[in-house]
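K.L.:
upload.cif is reproduced below (mmCIF, C-alpha atoms).
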data_my_file
#
loop_
_atom_site.label_atom_id
_atom_site.label_comp_id
_atom_site.auth_asym_id
_atom_site.auth_seq_id
_atom_site.Cartn_x
_atom_site.Cartn_y
_atom_site.Cartn_z
CA MET A 22 -29.22 22.93 -15.98
CA THR A 23 -31.82 21.21 -18.15
CA SER A 24 -32.92 23.68 -20.85
CA ASP A 25 -31.82 23.00 -24.41
CA ILE A 26 -29.35 25.17 -26.25
CA PRO A 27 -30.90 26.84 -29.33
CA HIS A 28 -30.21 25.27 -32.71
CA THR A 29 -31.30 25.73 -36.30
CA ALA A 30 -34.39 23.56 -36.78
CA GLY A 31 -36.08 22.29 -39.91
CA SER A 32 -39.78 21.72 -40.53
CA SER A 33 -39.60 18.20 -39.05
CA GLY A 34 -38.11 19.48 -35.80
CA THR A 35 -34.71 18.07 -36.71
CA GLY A 36 -32.01 20.71 -36.44
CA ARG A 37 -28.29 21.29 -36.77
CA LEU A 38 -25.85 22.88 -34.38
CA SER A 39 -22.36 23.90 -35.47
CA ALA A 40 -19.43 22.88 -33.28
CA GLN A 41 -15.88 24.22 -33.50
CA VAL A 42 -13.03 22.82 -31.40
CA LEU A 43 -9.81 24.81 -31.08
CA LEU A 44 -6.48 24.16 -29.37
CA LEU A 45 -5.50 27.65 -28.22
CA GLY A 46 -2.43 27.01 -26.07
CA GLU A 47 -0.76 24.82 -23.48
CA ARG A 48 -3.09 26.01 -20.69
CA LEU A 49 -6.32 27.96 -20.26
CA ASP A 50 -6.76 29.79 -16.95
CA THR A 51 -10.50 29.27 -16.52
CA ARG A 52 -10.38 30.61 -12.94
CA ARG A 53 -10.06 34.16 -14.28
CA LEU A 54 -13.40 34.13 -16.07
CA GLU A 55 -15.76 36.92 -15.10
CA GLU A 56 -18.53 36.00 -12.68
CA GLY A 57 -21.97 35.56 -14.21
CA GLN A 58 -20.74 33.86 -17.38
CA VAL A 59 -20.50 30.37 -15.94
CA LEU A 60 -23.50 28.06 -16.48
CA GLY A 61 -22.01 24.80 -15.30
CA THR A 62 -18.84 22.87 -14.59
CA ALA A 63 -17.34 19.44 -15.30
CA PRO A 64 -16.45 20.63 -17.88
CA LEU A 65 -16.88 24.40 -17.68
CA ILE A 66 -19.65 25.76 -19.93
CA ILE A 67 -20.33 29.47 -20.44
CA ARG A 68 -22.40 31.74 -22.66
CA ALA A 69 -20.77 33.03 -25.84
CA GLY A 70 -22.14 35.21 -28.61
CA LYS A 71 -25.87 35.90 -28.93
CA ASP A 72 -27.26 32.38 -28.56
CA GLY A 73 -24.12 30.27 -28.42
CA PHE A 74 -22.11 28.53 -25.75
CA ALA A 75 -18.50 27.58 -25.14
CA VAL A 76 -17.03 24.64 -23.25
CA LEU A 77 -13.54 25.39 -21.93
CA PHE A 78 -10.80 23.03 -20.78
CA ARG A 79 -7.76 23.88 -18.67
CA TYR A 80 -5.48 22.02 -21.08
CA GLY A 81 -5.96 24.80 -23.64
CA VAL A 82 -8.99 23.69 -25.66
CA ALA A 83 -12.23 25.58 -26.35
CA VAL A 84 -15.29 24.04 -28.00
CA LEU A 85 -17.78 26.54 -29.43
CA PHE A 86 -21.42 25.76 -30.18
CA GLY A 87 -23.70 27.90 -32.34
CA LEU A 88 -21.35 30.84 -32.95
CA ASP A 89 -21.11 32.57 -36.32
CA PRO A 90 -17.64 33.59 -37.59
CA MET A 91 -17.92 37.15 -36.24
CA GLU A 92 -19.05 35.98 -32.79
CA GLU A 93 -16.26 33.40 -32.74
CA ALA A 94 -13.61 36.03 -33.52
CA VAL A 95 -14.90 38.36 -30.79
CA PHE A 96 -15.09 35.56 -28.23
CA LEU A 97 -11.59 34.25 -28.97
CA THR A 98 -10.20 37.78 -28.65
CA SER A 99 -11.78 38.10 -25.20
CA LEU A 100 -10.37 34.70 -24.26
CA ALA A 101 -6.80 35.49 -25.36
CA LYS A 102 -5.76 36.90 -21.98
CA LEU A 103 -6.55 33.56 -20.33
CA VAL A 104 -4.35 31.49 -22.67
CA ALA A 105 -0.89 30.46 -21.45
CA GLU A 106 1.77 29.68 -24.08
CA PRO A 107 -0.47 30.29 -27.13
CA MET A 108 0.00 27.95 -30.06
CA PRO A 109 1.81 29.49 -33.06
CA VAL A 110 -0.76 27.75 -35.24
CA GLN A 111 -4.03 26.89 -33.54
CA GLY A 112 -5.34 23.36 -33.96
CA ARG A 113 -8.91 23.29 -35.22
CA ALA A 114 -11.67 20.87 -36.16
CA SER A 115 -15.37 21.33 -36.82
CA THR A 116 -18.56 19.36 -37.20
CA ASP A 117 -22.32 19.81 -37.31
CA LEU A 118 -24.42 18.04 -34.71
CA VAL A 119 -27.82 16.74 -35.80
CA ILE A 120 -30.51 17.31 -33.17
CA VAL A 121 -33.41 14.83 -33.47
CA PRO A 122 -35.92 15.52 -30.67
CA GLY A 123 -36.92 12.26 -29.01
CA GLY A 124 -34.47 10.33 -31.17
CA GLU A 125 -31.46 8.23 -30.18
CA ASP A 126 -27.96 9.44 -29.39
CA ARG A 127 -25.77 7.84 -32.02
CA VAL A 128 -22.82 8.20 -34.36
CA ASP A 129 -23.46 6.94 -37.90
CA GLN A 130 -20.98 5.27 -40.26
CA THR A 131 -19.95 8.61 -41.75
CA GLY A 132 -19.14 10.04 -38.32
CA ILE A 133 -22.18 12.33 -38.04
CA ILE A 134 -23.26 12.77 -34.41
CA SER A 135 -27.01 12.72 -33.73
CA LEU A 136 -28.40 13.79 -30.36
CA ALA A 137 -31.83 13.39 -28.79
CA ASP A 138 -31.68 17.01 -27.61
CA SER A 139 -29.23 19.85 -27.15
CA CYS A 140 -29.20 19.94 -23.35
CA PRO A 141 -25.95 21.27 -21.84
CA GLU A 142 -24.94 17.85 -20.47
CA ARG A 143 -25.01 16.24 -23.92
CA LEU A 144 -23.03 19.10 -25.38
CA GLN A 145 -20.54 18.95 -22.50
CA LEU A 146 -19.95 15.27 -23.28
CA VAL A 147 -19.60 15.86 -27.02
CA ALA A 148 -17.28 18.81 -26.33
CA GLU A 149 -15.06 16.73 -24.05
CA MET A 150 -14.68 13.97 -26.64
CA MET A 151 -13.98 16.47 -29.43
CA ALA A 152 -11.41 18.18 -27.20
CA ARG A 153 -9.70 14.87 -26.39
CA ASP A 154 -9.57 13.99 -30.08
CA LEU A 155 -7.96 17.32 -31.00
CA VAL A 156 -5.41 17.33 -28.18
CA LEU A 157 -4.50 13.71 -28.93
CA ASP A 158 -3.94 14.69 -32.55
CA HIS A 159 -1.62 17.44 -31.29
CA TYR A 160 0.29 14.95 -29.12
CA GLU A 161 0.57 12.52 -32.03
CA THR A 162 2.03 15.22 -34.29
CA ARG A 163 4.50 16.36 -31.63
CA ILE A 164 5.70 12.86 -30.78
CA ALA A 165 5.85 11.79 -34.43
CA ARG A 166 8.27 14.66 -35.08
CA VAL A 167 10.57 13.55 -32.26
CA PHE A 168 10.13 9.88 -33.11
CA ASP A 169 11.17 10.51 -36.71
CA SER A 170 14.31 12.32 -35.54
CA ILE A 171 15.44 9.52 -33.20
CA GLU A 172 14.53 6.63 -35.48
CA PRO A 173 17.87 6.84 -37.38
CA LEU A 174 19.67 6.96 -34.02
CA ALA A 175 17.84 3.88 -32.81
CA ALA A 176 18.79 2.09 -36.05
CA SER A 177 22.42 3.19 -35.60
CA LEU A 178 22.41 1.84 -32.05
CA GLY A 179 21.48 -1.56 -33.42
CA LYS A 180 24.34 -1.40 -35.93
CA ARG A 181 26.79 0.04 -33.36
CA SER A 182 27.57 2.88 -35.76
CA LEU A 183 27.17 5.94 -33.53
CA ARG A 184 30.91 6.57 -33.12
CA HIS A 185 30.91 9.11 -35.92
CA LEU A 186 28.42 11.35 -34.06
CA ARG A 187 29.85 14.10 -31.89
CA THR A 188 28.89 14.24 -28.22
CA ARG A 189 27.40 17.70 -28.82
CA ASP A 190 25.05 16.28 -31.47
CA LEU A 191 24.03 13.43 -29.18
CA LEU A 192 23.31 15.88 -26.36
CA ALA A 193 21.12 17.94 -28.69
CA GLN A 194 19.13 14.83 -29.61
CA ILE A 195 18.75 13.86 -25.96
CA GLY A 196 17.59 17.38 -25.08
CA GLU A 197 14.85 17.22 -27.70
CA VAL A 198 13.77 13.78 -26.51
CA LEU A 199 13.66 14.77 -22.84
CA LEU A 200 11.69 17.93 -23.66
CA ALA A 201 9.09 15.87 -25.49
CA GLU A 202 8.89 13.45 -22.56
CA HIS A 203 8.50 16.30 -20.09
CA ARG A 204 5.61 17.80 -22.05
CA MET A 205 3.89 14.44 -22.32
CA VAL A 206 4.18 13.38 -18.67
CA GLY A 207 1.38 15.72 -17.59
CA ARG A 208 -0.75 15.14 -20.65
CA VAL A 209 -4.52 14.92 -20.55
CA GLU A 210 -5.99 11.70 -19.20
CA LEU A 211 -7.68 10.70 -22.41
CA LEU A 212 -9.37 7.53 -21.19
CA ASP A 213 -10.97 8.71 -17.93
CA SER A 214 -14.76 8.75 -17.77
CA PRO A 215 -16.04 12.34 -18.14
CA GLU A 216 -17.41 13.85 -14.93
CA VAL A 217 -20.69 14.71 -16.65
CA LEU A 218 -21.55 10.99 -16.57
CA TRP A 219 -21.94 11.27 -12.79
CA VAL A 220 -24.72 13.79 -13.43
CA LYS A 221 -26.29 11.95 -16.37
CA PRO A 222 -25.26 8.28 -16.27
CA GLU A 223 -27.70 7.57 -19.12
CA LEU A 224 -25.17 9.23 -21.45
CA GLU A 225 -22.73 6.34 -20.95
CA ARG A 226 -23.73 4.76 -24.29
CA LEU A 227 -23.08 8.02 -26.12
CA PHE A 228 -19.68 8.26 -24.42
CA VAL A 229 -18.74 4.73 -25.55
CA ARG A 230 -19.85 5.48 -29.12
CA LEU A 231 -17.89 8.71 -29.29
CA GLU A 232 -14.78 7.07 -27.81
CA ARG A 233 -15.04 4.36 -30.46
CA GLU A 234 -15.60 6.93 -33.22
CA TYR A 235 -12.48 8.89 -32.28
CA ASP A 236 -10.50 5.68 -31.59
CA LEU A 237 -9.06 7.20 -28.42
CA SER A 238 -7.99 3.96 -26.70
CA ALA A 239 -5.96 2.55 -29.60
CA ARG A 240 -4.36 5.91 -30.39
CA ASN A 241 -3.41 6.45 -26.75
CA ARG A 242 -1.78 2.99 -26.57
CA ALA A 243 0.20 3.72 -29.74
CA LEU A 244 1.33 7.00 -28.20
CA ASP A 245 2.50 5.22 -25.04
CA ARG A 246 4.52 2.74 -27.11
CA LYS A 247 6.27 5.54 -28.98
CA LEU A 248 7.03 7.31 -25.71
CA GLU A 249 8.56 4.09 -24.37
CA VAL A 250 10.83 3.80 -27.42
CA ILE A 251 11.81 7.46 -27.07
CA SER A 252 12.60 6.99 -23.37
CA ASP A 253 14.68 3.85 -24.00
CA THR A 254 16.61 5.57 -26.78
CA ALA A 255 17.36 8.60 -24.59
CA GLU A 256 18.60 6.33 -21.81
CA THR A 257 20.86 4.42 -24.21
CA LEU A 258 22.27 7.64 -25.65
CA LEU A 259 23.03 8.93 -22.15
CA ASP A 260 24.83 5.67 -21.36
CA LEU A 261 26.83 6.07 -24.56
CA ILE A 262 27.90 9.60 -23.61
CA GLN A 263 28.87 8.45 -20.11
CA THR A 264 30.92 5.62 -21.63
CA ARG A 265 32.65 8.06 -23.95
CA SER A 266 33.42 10.37 -21.03
CA SER A 267 34.78 7.47 -18.97
CA MET A 268 37.02 6.38 -21.83
CA LYS A 269 38.35 9.92 -22.22
CA VAL A 270 39.16 10.09 -18.51
CA GLU A 271 40.94 6.74 -18.71
CA TRP A 272 43.02 7.92 -21.67
CA TYR A 273 43.90 11.13 -19.81
CA ILE A 274 45.08 9.06 -16.84
CA VAL A 275 47.15 6.79 -19.10
CA PHE A 276 48.68 9.84 -20.79
CA LEU A 277 49.56 11.44 -17.44
CA ILE A 278 51.17 8.21 -16.19
CA MET A 279 53.20 7.85 -19.40
CA PHE A 280 54.22 11.51 -19.21
CA GLU A 281 55.32 11.10 -15.59
CA ILE A 282 57.33 7.96 -16.45
CA LEU A 283 58.96 9.73 -19.38
CA LEU A 284 59.78 12.74 -17.22
CA THR A 285 61.32 10.49 -14.54
CA ILE A 286 63.47 8.71 -17.14
CA VAL A 287 64.69 12.05 -18.53
CA GLN A 288 65.56 13.26 -15.04
CA MET A 289 67.41 10.01 -14.31
CA VAL A 290 69.39 10.27 -17.53
CA GLN A 291 70.27 13.92 -16.92
CA GLY A 292 71.26 13.20 -13.30
CA SER A 293 73.61 10.33 -14.14
CA GLY A 294 75.75 12.47 -16.46
CA PRO A 295 77.69 11.15 -19.52
CA TRP A 296 78.49 7.46 -19.61
CA HIS A 297 82.18 6.50 -19.69
#
As structure tokens, please, write out the structure in this file.
P.N.:
Amino acid sequence: MTSDIPHTAGSSGTGRLSAQVLLLGERLDTRRLEEGQVLGTAPLIIRAGKDGFAVLFRYGVAVLFGLDPMEEAVFLTSLAKLVAEPMPVQGRASTDLVIVPGGEDRVDQTGIISLADSCPERLQLVAEMMARDLVLDHYETRIARVFDSIEPLAASLGKRSLRHLRTRDLLAQIGEVLLAEHRMVGRVELLDSPEVLWVKPELERLFVRLEREYDLSARNRALDRKLEVISDTAETLLDLIQTRSSMKVEWYIVFLIMFEILLTIVQMVQGSGPWH
């Protein structure tokens, strides 16, 4: 797999190639693709449209190269049956790659990606980094929503002012927190080296530059810290509910003992008859 993917070229040989990255759903069943479409794996790359290509990821992301709007719409329609738990609103980002034959793979200060050629391996690497950036953005949005909802609870824990909250409300908060944690446990490994580097180790420098451009390491660490706070808060809330339940049980026991004592006294008084 060494031939270049077609791109729009200028008189100097420099060309541009459009790239669209879309988060379609929670999962993409790539095993159900029709035979004959697949051009390569790690990650999966297939033909799409007249002269375009698509790189597909099992975690629900598709990166499209060189497709016009009509071709994109047709391709996404054909892909819909492979998408599990489609997103209500698809995440999307786009960029134009600059192809400079014989040039250097680089990312300039404005974020424009320049490639020495448009071979599938280079596009697979670019697609993987774009996909990681988009899915990380999705994770950040999801966790930020949960984090914002538990932040007042965490502040209340510090002030010991959660007594006014009903157990039902606390359970609802815990449910939301645990659901977010569950979804994040199996999240994409954003910092692993792409498998395409085993095929073309000379693309390591491009990988490092793209990782720096998308700031994946720092963003992933920030995400882990928020998840840790969320987990700690959920654990504390569960402890609080258990404490409340224990206190209720203790009060029930005290009430039953007092009721039994009172009943015994009444029976003793009634059994002794009138005092003379």
K.L.:
For a quick check of understanding, using only C-alpha atoms, which of A:Thr62, A:Met150, A:Asp50, A:Ala114 has the smallest distance to Ala101 of chain A?
P.N.:
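Comparing A:Thr62, A:Met150, A:Asp50, A:Ala114 against Ala101 of chain A, the winner is A:Asp50.
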K.L.:
Specify as a list of chain:residue names each residue included when the PyMOL selection byres ((chain A and resi 115) around 8) is applied to this file.
P.N.:
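For this structure, the PyMOL selection byres ((chain A and resi 115) around 8) resolves to A:Ser39, A:Ala40, A:Gln41, A:Val42, A:Arg113, A:Ala114, A:Thr116, A:Asp117.
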K.L.:
Within 12 Å of Arg246 of chain A, counting all atoms listed in the file, which residues show up once you throw out same-chain ones fewer than 6 positions away? Write them as JSON, numbers by chain, please.
P.N.:
{"A": [161, 164, 165, 168, 239, 240, 252, 253]}
K.L.:
For Lys221 of chain A, which residue out of A:Glu149, A:Asp236, A:Glu142, A:Asp169 is the nearest one, using all atoms listed in the file?
P.N.:
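Looking only at the distances to Lys221 of chain A, the closest residue turns out to be A:Glu142.
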K.L.:
Between A:Val220, A:Ala63, A:Leu85, A:Met108, which is the closest to Leu38 of chain A once you count all atoms listed in the file?
P.N.:
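Checking each of A:Val220, A:Ala63, A:Leu85, A:Met108 against Leu38 of chain A, counting all atoms listed in the file, the winner is A:Leu85.
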K.L.:
How many Å lie between atom CA of Leu45 of chain A and atom CA of Val110 of chain A, rounded to one decimal?
P.N.:
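Rounded to one decimal, the two atoms are 8.5 Å apart.
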K.L.:
What's the separation between atom CA of Glu225 of chain A and atom CA of Gly123 of chain A, in Å to one decimal place?
P.N.:
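Between atom CA of Glu225 of chain A and atom CA of Gly123 of chain A the gap is 17.4 Å.
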K.L.:
If the PyMOL selection byres ((chain A and resi 83) around 8) were run on this exact file, what residues would it hold? Put them as a list in words.
P.N.:
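Here the PyMOL selection byres ((chain A and resi 83) around 8) matches Val42, Leu43, Leu44, Leu45, Ala75, Val76, Leu77, Phe78, Gly81, Val82, Val84, Leu85 and Ala152 of chain A.
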K.L.:
At a cut-off of 9 Å, using all atoms listed in the file, what residues contact Gly61 of chain A? Leave out same-chain residues fewer than 4 positions from it and give the result as a list in words.
P.N.:
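Here the qualifying residues turn out to be Met22, Leu65, Ile66, Ile67 and Pro141 of chain A.
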K.L.:
Please complete segment 129-158 of chain A with N, CA and C atoms and give it back as a PDB file, in the coordinates of the input.
P.N.:
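Saved as result27.pdb:
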ATOM      1  N   ASP A 129     -23.272   7.817 -36.747  1.00  0.00           N
ATOM      2  CA  ASP A 129     -23.460   6.940 -37.900  1.00  0.00           C
ATOM      3  C   ASP A 129     -22.130   6.570 -38.547  1.00  0.00           C
ATOM      4  N   GLN A 130     -22.193   5.792 -39.619  1.00  0.00           N
ATOM      5  CA  GLN A 130     -20.980   5.270 -40.260  1.00  0.00           C
ATOM      6  C   GLN A 130     -20.117   6.365 -40.873  1.00  0.00           C
ATOM      7  N   THR A 131     -20.722   7.509 -41.163  1.00  0.00           N
ATOM      8  CA  THR A 131     -19.950   8.610 -41.750  1.00  0.00           C
ATOM      9  C   THR A 131     -19.383   9.543 -40.686  1.00  0.00           C
ATOM     10  N   GLY A 132     -19.669   9.230 -39.404  1.00  0.00           N
ATOM     11  CA  GLY A 132     -19.140  10.040 -38.320  1.00  0.00           C
ATOM     12  C   GLY A 132     -20.040  11.175 -37.868  1.00  0.00           C
ATOM     13  N   ILE A 133     -21.243  11.281 -38.443  1.00  0.00           N
ATOM     14  CA  ILE A 133     -22.180  12.330 -38.040  1.00  0.00           C
ATOM     15  C   ILE A 133     -22.772  11.986 -36.677  1.00  0.00           C
ATOM     16  N   ILE A 134     -22.761  12.965 -35.772  1.00  0.00           N
ATOM     17  CA  ILE A 134     -23.260  12.770 -34.410  1.00  0.00           C
ATOM     18  C   ILE A 134     -24.697  13.257 -34.333  1.00  0.00           C
ATOM     19  N   SER A 135     -25.601  12.373 -33.925  1.00  0.00           N
ATOM     20  CA  SER A 135     -27.010  12.720 -33.730  1.00  0.00           C
ATOM     21  C   SER A 135     -27.326  12.675 -32.247  1.00  0.00           C
ATOM     22  N   LEU A 136     -28.049  13.697 -31.774  1.00  0.00           N
ATOM     23  CA  LEU A 136     -28.400  13.790 -30.360  1.00  0.00           C
ATOM     24  C   LEU A 136     -29.903  13.890 -30.195  1.00  0.00           C
ATOM     25  N   ALA A 137     -30.394  13.347 -29.074  1.00  0.00           N
ATOM     26  CA  ALA A 137     -31.830  13.390 -28.790  1.00  0.00           C
ATOM     27  C   ALA A 137     -32.280  14.799 -28.429  1.00  0.00           C
ATOM     28  N   ASP A 138     -31.388  15.603 -27.907  1.00  0.00           N
ATOM     29  CA  ASP A 138     -31.680  17.010 -27.610  1.00  0.00           C
ATOM     30  C   ASP A 138     -30.357  17.751 -27.467  1.00  0.00           C
ATOM     31  N   SER A 139     -30.448  19.045 -27.273  1.00  0.00           N
ATOM     32  CA  SER A 139     -29.230  19.850 -27.150  1.00  0.00           C
ATOM     33  C   SER A 139     -29.065  20.377 -25.727  1.00  0.00           C
ATOM     34  N   CYS A 140     -29.387  19.535 -24.745  1.00  0.00           N
ATOM     35  CA  CYS A 140     -29.200  19.940 -23.350  1.00  0.00           C
ATOM     36  C   CYS A 140     -27.709  20.134 -23.073  1.00  0.00           C
ATOM     37  N   PRO A 141     -27.367  20.987 -22.125  1.00  0.00           N
ATOM     38  CA  PRO A 141     -25.950  21.270 -21.840  1.00  0.00           C
ATOM     39  C   PRO A 141     -25.128  20.020 -21.541  1.00  0.00           C
ATOM     40  N   GLU A 142     -25.715  19.036 -20.830  1.00  0.00           N
ATOM     41  CA  GLU A 142     -24.940  17.850 -20.470  1.00  0.00           C
ATOM     42  C   GLU A 142     -24.507  17.059 -21.703  1.00  0.00           C
ATOM     43  N   ARG A 143     -25.388  16.949 -22.685  1.00  0.00           N
ATOM     44  CA  ARG A 143     -25.010  16.240 -23.920  1.00  0.00           C
ATOM     45  C   ARG A 143     -23.899  16.997 -24.647  1.00  0.00           C
ATOM     46  N   LEU A 144     -24.044  18.307 -24.689  1.00  0.00           N
ATOM     47  CA  LEU A 144     -23.030  19.100 -25.380  1.00  0.00           C
ATOM     48  C   LEU A 144     -21.710  19.101 -24.612  1.00  0.00           C
ATOM     49  N   GLN A 145     -21.772  19.057 -23.291  1.00  0.00           N
ATOM     50  CA  GLN A 145     -20.540  18.950 -22.500  1.00  0.00           C
ATOM     51  C   GLN A 145     -19.808  17.650 -22.834  1.00  0.00           C
ATOM     52  N   LEU A 146     -20.562  16.559 -22.964  1.00  0.00           N
ATOM     53  CA  LEU A 146     -19.950  15.270 -23.280  1.00  0.00           C
ATOM     54  C   LEU A 146     -19.345  15.289 -24.678  1.00  0.00           C
ATOM     55  N   VAL A 147     -20.113  15.783 -25.653  1.00  0.00           N
ATOM     56  CA  VAL A 147     -19.600  15.860 -27.020  1.00  0.00           C
ATOM     57  C   VAL A 147     -18.360  16.758 -27.063  1.00  0.00           C
ATOM     58  N   ALA A 148     -18.424  17.884 -26.351  1.00  0.00           N
ATOM     59  CA  ALA A 148     -17.280  18.810 -26.330  1.00  0.00           C
ATOM     60  C   ALA A 148     -16.048  18.140 -25.751  1.00  0.00           C
ATOM     61  N   GLU A 149     -16.218  17.376 -24.679  1.00  0.00           N
ATOM     62  CA  GLU A 149     -15.060  16.730 -24.050  1.00  0.00           C
ATOM     63  C   GLU A 149     -14.421  15.716 -24.996  1.00  0.00           C
ATOM     64  N   MET A 150     -15.238  14.966 -25.728  1.00  0.00           N
ATOM     65  CA  MET A 150     -14.680  13.970 -26.640  1.00  0.00           C
ATOM     66  C   MET A 150     -14.011  14.638 -27.842  1.00  0.00           C
ATOM     67  N   MET A 151     -14.608  15.720 -28.340  1.00  0.00           N
ATOM     68  CA  MET A 151     -13.980  16.470 -29.430  1.00  0.00           C
ATOM     69  C   MET A 151     -12.653  17.076 -28.972  1.00  0.00           C
ATOM     70  N   ALA A 152     -12.634  17.584 -27.740  1.00  0.00           N
ATOM     71  CA  ALA A 152     -11.410  18.180 -27.200  1.00  0.00           C
ATOM     72  C   ALA A 152     -10.317  17.127 -27.054  1.00  0.00           C
ATOM     73  N   ARG A 153     -10.681  15.952 -26.549  1.00  0.00           N
ATOM     74  CA  ARG A 153      -9.700  14.870 -26.390  1.00  0.00           C
ATOM     75  C   ARG A 153      -9.137  14.454 -27.746  1.00  0.00           C
ATOM     76  N   ASP A 154     -10.011  14.377 -28.744  1.00  0.00           N
ATOM     77  CA  ASP A 154      -9.570  13.990 -30.080  1.00  0.00           C
ATOM     78  C   ASP A 154      -8.561  14.999 -30.633  1.00  0.00           C
ATOM     79  N   LEU A 155      -8.849  16.291 -30.463  1.00  0.00           N
ATOM     80  CA  LEU A 155      -7.960  17.320 -31.000  1.00  0.00           C
ATOM     81  C   LEU A 155      -6.627  17.354 -30.268  1.00  0.00           C
ATOM     82  N   VAL A 156      -6.660  17.262 -28.937  1.00  0.00           N
ATOM     83  CA  VAL A 156      -5.410  17.330 -28.180  1.00  0.00           C
ATOM     84  C   VAL A 156      -4.577  16.070 -28.408  1.00  0.00           C
ATOM     85  N   LEU A 157      -5.235  14.932 -28.611  1.00  0.00           N
ATOM     86  CA  LEU A 157      -4.500  13.710 -28.930  1.00  0.00           C
ATOM     87  C   LEU A 157      -3.836  13.838 -30.296  1.00  0.00           C
ATOM     88  N   ASP A 158      -4.530  14.447 -31.239  1.00  0.00           N
ATOM     89  CA  ASP A 158      -3.940  14.690 -32.550  1.00  0.00           C
ATOM     90  C   ASP A 158      -2.699  15.581 -32.426  1.00  0.00           C
TER      91      ASP A 158
END
